[in-house]
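Participant: Dropping in model_23.cif, with mmCIF, C-alpha atoms.
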```cif
data_structure
#
loop_
_atom_site.group_PDB
_atom_site.id
_atom_site.type_symbol
_atom_site.label_atom_id
_atom_site.label_comp_id
_atom_site.auth_asym_id
_atom_site.auth_seq_id
_atom_site.Cartn_x
_atom_site.Cartn_y
_atom_site.Cartn_z
ATOM 1 C CA MET A 251 52.096 -45.723 -8.489
ATOM 2 C CA THR A 252 55.609 -45.674 -6.954
ATOM 3 C CA LEU A 253 56.353 -46.205 -3.280
ATOM 4 C CA THR A 254 57.239 -42.527 -2.883
ATOM 5 C CA THR A 255 53.911 -41.498 -4.352
ATOM 6 C CA GLN A 256 52.098 -43.989 -2.128
ATOM 7 C CA PHE A 257 53.914 -42.629 0.917
ATOM 8 C CA TYR A 258 53.039 -39.043 0.038
ATOM 9 C CA THR A 259 49.459 -40.091 -0.616
ATOM 10 C CA LEU A 260 49.283 -41.831 2.761
ATOM 11 C CA LEU A 261 50.610 -38.749 4.565
ATOM 12 C CA ALA A 262 48.251 -36.492 2.618
ATOM 13 C CA MET A 263 45.208 -38.589 3.556
ATOM 14 C CA ILE A 264 46.264 -38.694 7.217
ATOM 15 C CA GLY A 265 46.554 -34.910 7.116
ATOM 16 C CA MET A 266 43.194 -34.584 5.380
ATOM 17 C CA GLY A 267 41.637 -36.805 8.055
ATOM 18 C CA SER A 268 42.918 -34.437 10.741
ATOM 19 C CA CYS A 269 41.778 -31.420 8.721
ATOM 20 C CA PHE A 270 38.359 -33.020 8.335
ATOM 21 C CA GLY A 271 38.095 -33.411 12.113
ATOM 22 C CA ALA A 272 39.009 -29.755 12.640
ATOM 23 C CA ALA A 273 36.555 -28.669 9.938
ATOM 24 C CA LEU A 274 33.801 -30.780 11.520
ATOM 25 C CA ASP A 275 34.353 -29.208 14.952
ATOM 26 C CA THR A 276 34.425 -25.727 13.414
ATOM 27 C CA TYR A 277 31.233 -26.460 11.479
ATOM 28 C CA ASN A 278 29.426 -27.735 14.587
ATOM 29 C CA ARG A 279 30.657 -24.727 16.586
ATOM 30 C CA PHE A 280 29.051 -22.256 14.207
ATOM 31 C CA LEU A 281 25.987 -24.280 13.157
ATOM 32 C CA LYS A 282 24.372 -24.607 16.630
ATOM 33 C CA ARG A 283 22.009 -27.397 15.668
ATOM 34 C CA SER A 284 19.610 -26.936 18.594
ATOM 35 C CA ARG A 285 18.731 -23.421 17.406
ATOM 36 C CA ARG A 286 18.320 -24.257 13.711
ATOM 37 C CA ASN A 287 15.439 -25.632 11.695
ATOM 38 C CA SER A 288 15.844 -29.304 10.781
ATOM 39 C CA LEU A 289 15.634 -28.538 7.054
ATOM 40 C CA ILE A 290 18.390 -25.917 7.337
ATOM 41 C CA VAL A 291 20.542 -28.375 9.296
ATOM 42 C CA PHE A 292 20.005 -31.059 6.640
ATOM 43 C CA VAL A 293 20.945 -28.732 3.778
ATOM 44 C CA ASN A 294 24.024 -27.451 5.626
ATOM 45 C CA ASP A 295 25.140 -30.990 6.472
ATOM 46 C CA LEU A 296 24.745 -32.069 2.857
ATOM 47 C CA LEU A 297 26.758 -29.107 1.585
ATOM 48 C CA PHE A 298 29.447 -29.674 4.235
ATOM 49 C CA TRP A 299 29.956 -33.313 3.272
ATOM 50 C CA ILE A 300 30.026 -32.462 -0.434
ATOM 51 C CA VAL A 301 32.649 -29.758 0.116
ATOM 52 C CA GLN A 302 34.789 -32.052 2.279
ATOM 53 C CA ALA A 303 34.593 -34.858 -0.281
ATOM 54 C CA LEU A 304 35.622 -32.483 -3.059
ATOM 55 C CA LEU A 305 38.557 -31.165 -1.021
ATOM 56 C CA ILE A 306 39.797 -34.667 -0.211
ATOM 57 C CA PHE A 307 39.509 -35.747 -3.835
ATOM 58 C CA TYR A 308 41.281 -32.569 -4.970
ATOM 59 C CA VAL A 309 44.230 -33.263 -2.647
ATOM 60 C CA LEU A 310 44.247 -36.884 -3.808
ATOM 61 C CA PHE A 311 44.264 -35.706 -7.421
ATOM 62 C CA LEU A 312 47.247 -33.440 -6.741
ATOM 63 C CA VAL A 313 49.210 -36.221 -5.046
ATOM 64 C CA ASN A 314 48.522 -39.307 -7.194
ATOM 65 C CA GLU A 315 46.206 -38.059 -9.948
ATOM 66 C CA GLY A 316 43.085 -39.307 -8.146
ATOM 67 C CA GLU A 317 43.840 -43.026 -7.794
ATOM 68 C CA LEU A 318 41.816 -44.554 -4.965
ATOM 69 C CA ARG A 319 43.126 -47.355 -2.739
ATOM 70 C CA PHE A 320 41.492 -49.055 0.223
ATOM 71 C CA TYR A 321 44.296 -48.067 2.597
ATOM 72 C CA LEU A 322 43.597 -44.390 1.816
ATOM 73 C CA PHE A 323 40.274 -44.660 3.649
ATOM 74 C CA LEU A 324 42.142 -46.193 6.589
ATOM 75 C CA ALA A 325 44.604 -43.284 6.419
ATOM 76 C CA LEU A 326 41.709 -40.807 6.580
ATOM 77 C CA LEU A 327 40.303 -42.667 9.584
ATOM 78 C CA CYS A 328 43.723 -42.693 11.267
ATOM 79 C CA GLY A 329 44.134 -38.957 10.708
ATOM 80 C CA PHE A 330 40.661 -38.269 12.085
ATOM 81 C CA SER A 331 41.356 -40.494 15.129
ATOM 82 C CA ALA A 332 44.710 -38.790 15.717
ATOM 83 C CA TYR A 333 42.995 -35.405 15.669
ATOM 84 C CA GLN A 334 40.322 -36.565 18.112
ATOM 85 C CA ALA A 335 42.896 -38.016 20.508
ATOM 86 C CA LEU A 336 45.719 -35.461 20.293
ATOM 87 C CA PHE A 337 44.641 -32.164 18.800
ATOM 88 C CA LYS A 338 40.899 -31.691 19.376
ATOM 89 C CA ASN A 339 41.089 -30.005 22.783
ATOM 90 C CA ILE A 340 43.966 -27.769 21.715
ATOM 91 C CA TYR A 341 42.204 -26.812 18.477
ATOM 92 C CA LEU A 342 38.905 -26.033 20.218
ATOM 93 C CA LYS A 343 40.774 -23.895 22.738
ATOM 94 C CA TYR A 344 42.454 -21.868 20.012
ATOM 95 C CA LEU A 345 39.216 -21.748 18.019
ATOM 96 C CA GLU A 346 37.353 -20.150 20.928
ATOM 97 C CA ALA A 347 40.256 -17.772 21.509
ATOM 98 C CA GLY A 348 40.219 -16.805 17.837
ATOM 99 C CA ILE A 349 36.457 -16.238 17.884
ATOM 100 C CA ARG A 350 36.736 -14.052 20.985
ATOM 101 C CA SER A 351 39.602 -12.115 19.400
ATOM 102 C CA ILE A 352 37.600 -11.492 16.234
ATOM 103 C CA ILE A 353 34.536 -10.407 18.236
ATOM 104 C CA TRP A 354 36.707 -8.075 20.321
ATOM 105 C CA ALA A 355 38.354 -6.621 17.206
ATOM 106 C CA VAL A 356 34.994 -6.065 15.499
ATOM 107 C CA THR A 357 33.567 -4.479 18.660
ATOM 108 C CA MET A 358 36.555 -2.156 19.018
ATOM 109 C CA PHE A 359 36.373 -1.234 15.339
ATOM 110 C CA ALA A 360 32.666 -0.441 15.675
ATOM 111 C CA ARG A 361 33.330 1.711 18.753
ATOM 112 C CA MET A 362 36.168 3.562 17.026
ATOM 113 C CA LEU A 363 33.992 4.057 13.953
ATOM 114 C CA LYS A 364 31.224 5.441 16.131
ATOM 115 C CA MET A 365 33.605 7.665 18.092
ATOM 116 C CA LEU A 366 35.597 8.985 15.121
ATOM 117 C CA ILE A 367 32.867 9.259 12.469
ATOM 118 C CA PHE A 368 29.300 8.991 13.718
ATOM 119 C CA GLN A 369 29.633 11.084 16.878
ATOM 120 C CA PRO A 370 31.417 14.004 15.110
ATOM 121 C CA ILE A 371 28.800 13.914 12.336
ATOM 122 C CA ARG A 372 26.030 13.876 14.928
ATOM 123 C CA TRP A 373 27.650 16.749 16.842
ATOM 124 C CA LEU A 374 28.125 18.739 13.623
ATOM 125 C CA ALA A 375 24.517 18.139 12.566
ATOM 126 C CA THR A 376 23.312 19.229 16.015
ATOM 127 C CA MET A 377 25.367 22.413 15.814
ATOM 128 C CA VAL A 378 24.106 23.183 12.299
ATOM 129 C CA ILE A 379 20.488 22.674 13.377
ATOM 130 C CA PHE A 380 21.055 24.833 16.468
ATOM 131 C CA LEU A 381 22.614 27.610 14.375
ATOM 132 C CA LEU A 382 19.810 27.436 11.813
ATOM 133 C CA LEU A 383 17.175 27.623 14.539
ATOM 134 C CA SER A 384 18.986 30.515 16.219
ATOM 135 C CA VAL A 385 19.319 32.414 12.932
ATOM 136 C CA GLY A 386 15.694 31.648 12.094
ATOM 137 C CA LYS A 387 14.494 32.936 15.450
ATOM 138 C CA GLY A 388 16.638 36.051 15.069
ATOM 139 C CA LEU A 389 15.329 36.725 11.556
ATOM 140 C CA TYR A 390 11.754 36.138 12.703
ATOM 141 C CA ALA A 391 12.176 38.582 15.573
ATOM 142 C CA LEU A 392 13.811 41.122 13.238
ATOM 143 C CA VAL A 393 11.050 40.807 10.620
ATOM 144 C CA LYS A 394 8.374 41.029 13.294
ATOM 145 C CA TYR A 395 9.954 44.151 14.779
ATOM 146 C CA THR A 396 10.409 45.692 11.311
ATOM 147 C CA ILE A 397 6.757 45.055 10.420
ATOM 148 C CA LYS A 398 5.673 46.552 13.720
ATOM 149 C CA VAL A 399 7.774 49.673 13.127
ATOM 150 C CA VAL A 400 6.517 50.014 9.527
ATOM 151 C CA LEU A 401 2.909 49.628 10.636
ATOM 152 C CA SER A 402 3.437 52.245 13.337
ATOM 153 C CA ILE A 403 4.939 54.653 10.813
ATOM 154 C CA VAL A 404 2.172 54.001 8.269
ATOM 155 C CA THR A 405 -0.514 54.378 10.927
ATOM 156 C CA PHE A 406 1.003 57.609 12.142
ATOM 157 C CA GLY A 407 1.342 58.880 8.566
ATOM 158 C CA LEU A 408 -2.266 58.005 7.684
ATOM 159 C CA LYS A 409 -3.794 59.676 10.722
ATOM 160 C CA PRO A 410 -4.173 63.067 8.944
ATOM 161 C CA PHE A 411 -5.709 61.307 5.953
ATOM 162 C CA PHE A 412 -8.249 59.507 8.161
ATOM 163 C CA TRP A 413 -8.958 62.778 9.963
ATOM 164 C CA LEU A 414 -9.708 64.478 6.633
ATOM 165 C CA ILE A 415 -11.960 61.593 5.589
ATOM 166 C CA ASN A 416 -13.882 61.828 8.860
ATOM 167 C CA ARG A 417 -14.323 65.564 8.436
ATOM 168 C CA PHE A 418 -15.385 65.127 4.820
ATOM 169 C CA TRP A 419 -17.841 62.413 5.914
ATOM 170 C CA GLU A 420 -19.333 64.698 8.533
ATOM 171 C CA ILE A 421 -20.023 67.514 6.061
ATOM 172 C CA LEU A 422 -21.655 65.217 3.500
ATOM 173 C CA PRO A 423 -25.454 65.375 3.242
ATOM 174 C CA LYS A 424 -27.387 62.743 5.141
ATOM 175 C CA PRO A 425 -28.922 61.101 2.047
ATOM 176 C CA VAL A 426 -25.449 60.548 0.595
ATOM 177 C CA THR A 427 -24.050 59.023 3.792
ATOM 178 C CA LYS A 428 -27.074 56.784 4.167
ATOM 179 C CA ARG A 429 -26.705 55.647 0.557
ATOM 180 C CA VAL A 430 -23.036 54.846 1.097
ATOM 181 C CA GLU A 431 -23.810 52.998 4.341
ATOM 182 C CA LYS A 432 -26.483 50.994 2.551
ATOM 183 C CA ILE A 433 -24.057 49.989 -0.207
ATOM 184 C CA TYR A 434 -21.425 49.119 2.402
ATOM 185 C CA ASN A 435 -23.828 46.944 4.394
ATOM 186 C CA LYS A 436 -24.980 45.219 1.210
ATOM 187 C CA CYS A 437 -21.401 44.416 0.179
ATOM 188 C CA ALA A 438 -20.658 43.181 3.701
ATOM 189 C CA GLY A 439 -23.691 40.896 3.512
ATOM 190 C CA TYR A 440 -22.515 39.448 0.205
ATOM 191 C CA LEU A 441 -19.066 38.844 1.652
ATOM 192 C CA ASN A 442 -20.550 37.078 4.681
ATOM 193 C CA GLN A 443 -22.637 34.839 2.400
ATOM 194 C CA VAL A 444 -19.568 33.939 0.363
ATOM 195 C CA LYS A 445 -17.654 33.206 3.572
ATOM 196 C CA GLU A 446 -20.443 30.940 4.885
ATOM 197 C CA TYR A 447 -20.625 29.136 1.528
ATOM 198 C CA ILE A 448 -16.871 28.451 1.597
ATOM 199 C CA ILE A 449 -17.088 27.170 5.180
ATOM 200 C CA LYS A 450 -19.977 24.813 4.295
ATOM 201 C CA TRP A 451 -18.101 23.560 1.205
ATOM 202 C CA LYS A 452 -14.985 22.801 3.266
ATOM 203 C CA THR A 453 -17.092 20.993 5.897
ATOM 204 C CA LYS A 454 -18.798 18.797 3.288
ATOM 205 C CA ARG A 455 -15.472 17.990 1.652
ATOM 206 C CA SER A 456 -13.876 16.991 4.960
ATOM 207 C CA ASN A 457 -16.881 14.776 5.801
ATOM 208 C CA LYS A 458 -16.643 13.022 2.413
ATOM 209 C CA SER A 459 -12.931 12.390 2.840
ATOM 210 C CA GLU A 460 -13.546 10.777 6.242
#
```
What does the file become when written as structure tokens?

Facilitator:
Amino acid sequence: MTLTTQFYTLLAMIGMGSCFGAALDTYNRFLKRSRRNSLIVFVNDLLFWIVQALLIFYVLFLVNEGELRFYLFLALLCGFSAYQALFKNIYLKYLEAGIRSIIWAVTMFARMLKMLIFQPIRWLATMVIFLLLSVGKGLYALVKYTIKVVLSIVTFGLKPFFWLINRFWEILPKPVTKRVEKIYNKCAGYLNQVKEYIIKWKTKRSNKSE
């Protein structure tokens, strides 16, 4: 390994040490250990260290084809120490500012989405429902009025027919009228029995279902 390659490797490991410090602070900022289960924290820590080790080895592989030297670990430690002493406070400040900016942008986007899409859809749906209810009420009133008018016309038109039936009934002999009344009462009795049977059947069925 040439001196130039060693120098580049040293600078790369110092940079990776600083990047590791920033990644560690970012990881701790989002993990919030006190609110997490210990098993989840352990798994996340294990994955974090594996990812960081792979990244460092990848950079080392790009610089010097993955040759390890003892001074490279010292370079990582120096980079991490430099980050802690010089850049940590600045990075955390910008990290919090970035998080607040992202939260603000997401909040504004959600409000705009609600104002431009959801509220118009809600207003349109309300208007459609109102129009449907209004039309339905109007049609119901129209049908009700039409039925009332038709029934009035039919009743008025059938009055002469009922009058003729009454007159015809009055001139019939008494035995005939009594016979007809007897048949009518008998049919009415049968209908009442059928009605009572249906009511009892419905009651038994509802009791069984309960």

Participant: Can you list, as an mmCIF file with C-alpha atoms, in the frame of the given file, every protein, DNA or RNA residue that comes within 10 Å of region 314-329 of chain A when you count only C-alpha atoms, leaving out same-chain residues fewer than 2 positions away?

Facilitator:
```
data_model
loop_
_atom_site.group_PDB
_atom_site.id
_atom_site.type_symbol
_atom_site.label_atom_id
_atom_site.label_comp_id
_atom_site.auth_asym_id
_atom_site.auth_seq_id
_atom_site.Cartn_x
_atom_site.Cartn_y
_atom_site.Cartn_z
ATOM 1 C CA MET A 251 52.096 -45.723 -8.489
ATOM 2 C CA THR A 252 55.609 -45.674 -6.954
ATOM 3 C CA THR A 255 53.911 -41.498 -4.352
ATOM 4 C CA GLN A 256 52.098 -43.989 -2.128
ATOM 5 C CA TYR A 258 53.039 -39.043 0.038
ATOM 6 C CA THR A 259 49.459 -40.091 -0.616
ATOM 7 C CA LEU A 260 49.283 -41.831 2.761
ATOM 8 C CA LEU A 261 50.610 -38.749 4.565
ATOM 9 C CA ALA A 262 48.251 -36.492 2.618
ATOM 10 C CA MET A 263 45.208 -38.589 3.556
ATOM 11 C CA ILE A 264 46.264 -38.694 7.217
ATOM 12 C CA GLY A 265 46.554 -34.910 7.116
ATOM 13 C CA MET A 266 43.194 -34.584 5.380
ATOM 14 C CA GLY A 267 41.637 -36.805 8.055
ATOM 15 C CA SER A 268 42.918 -34.437 10.741
ATOM 16 C CA CYS A 269 41.778 -31.420 8.721
ATOM 17 C CA PHE A 270 38.359 -33.020 8.335
ATOM 18 C CA GLY A 271 38.095 -33.411 12.113
ATOM 19 C CA ILE A 306 39.797 -34.667 -0.211
ATOM 20 C CA PHE A 307 39.509 -35.747 -3.835
ATOM 21 C CA TYR A 308 41.281 -32.569 -4.970
ATOM 22 C CA VAL A 309 44.230 -33.263 -2.647
ATOM 23 C CA LEU A 310 44.247 -36.884 -3.808
ATOM 24 C CA PHE A 311 44.264 -35.706 -7.421
ATOM 25 C CA LEU A 312 47.247 -33.440 -6.741
ATOM 26 C CA SER A 331 41.356 -40.494 15.129
ATOM 27 C CA ALA A 332 44.710 -38.790 15.717
ATOM 28 C CA TYR A 333 42.995 -35.405 15.669
ATOM 29 C CA GLN A 334 40.322 -36.565 18.112
ATOM 30 C CA ALA A 335 42.896 -38.016 20.508
#
```

Participant: Taking the file as I've supplied it (selection: the PyMOL selection byres ((chain A and resi 293-295) around 12)), which residues are included? Please answer as a PyMOL selection string.

Facilitator: chain A and resi 274+277-278+280-283+286-292+296-302

Participant: In Å to one decimal, how far is CA of Arg417 (chain A) from CA of Val430 (chain A)?

Facilitator: 15.6 Å

Participant: Please list as a VMD selection string every residue within 10 Å of region 339-351 of chain A, counting only C-alpha atoms and excluding residues in the same chain fewer than 6 positions away.

Facilitator: chain A and resid 272 275 to 276 279 333 357

Participant: What is the CA of Phe330 (chain A) to CA of Ala273 (chain A) distance in Å?

Facilitator: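 Going from CA of Phe330 (chain A) over to CA of Ala273 (chain A) covers 10.7 Å.
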
Participant: At what distance in Å, to one decimal, does CA of Asn442 (chain A) lie from CA of Phe412 (chain A)?

Facilitator: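 Between these atoms lies a distance of 25.8 Å.
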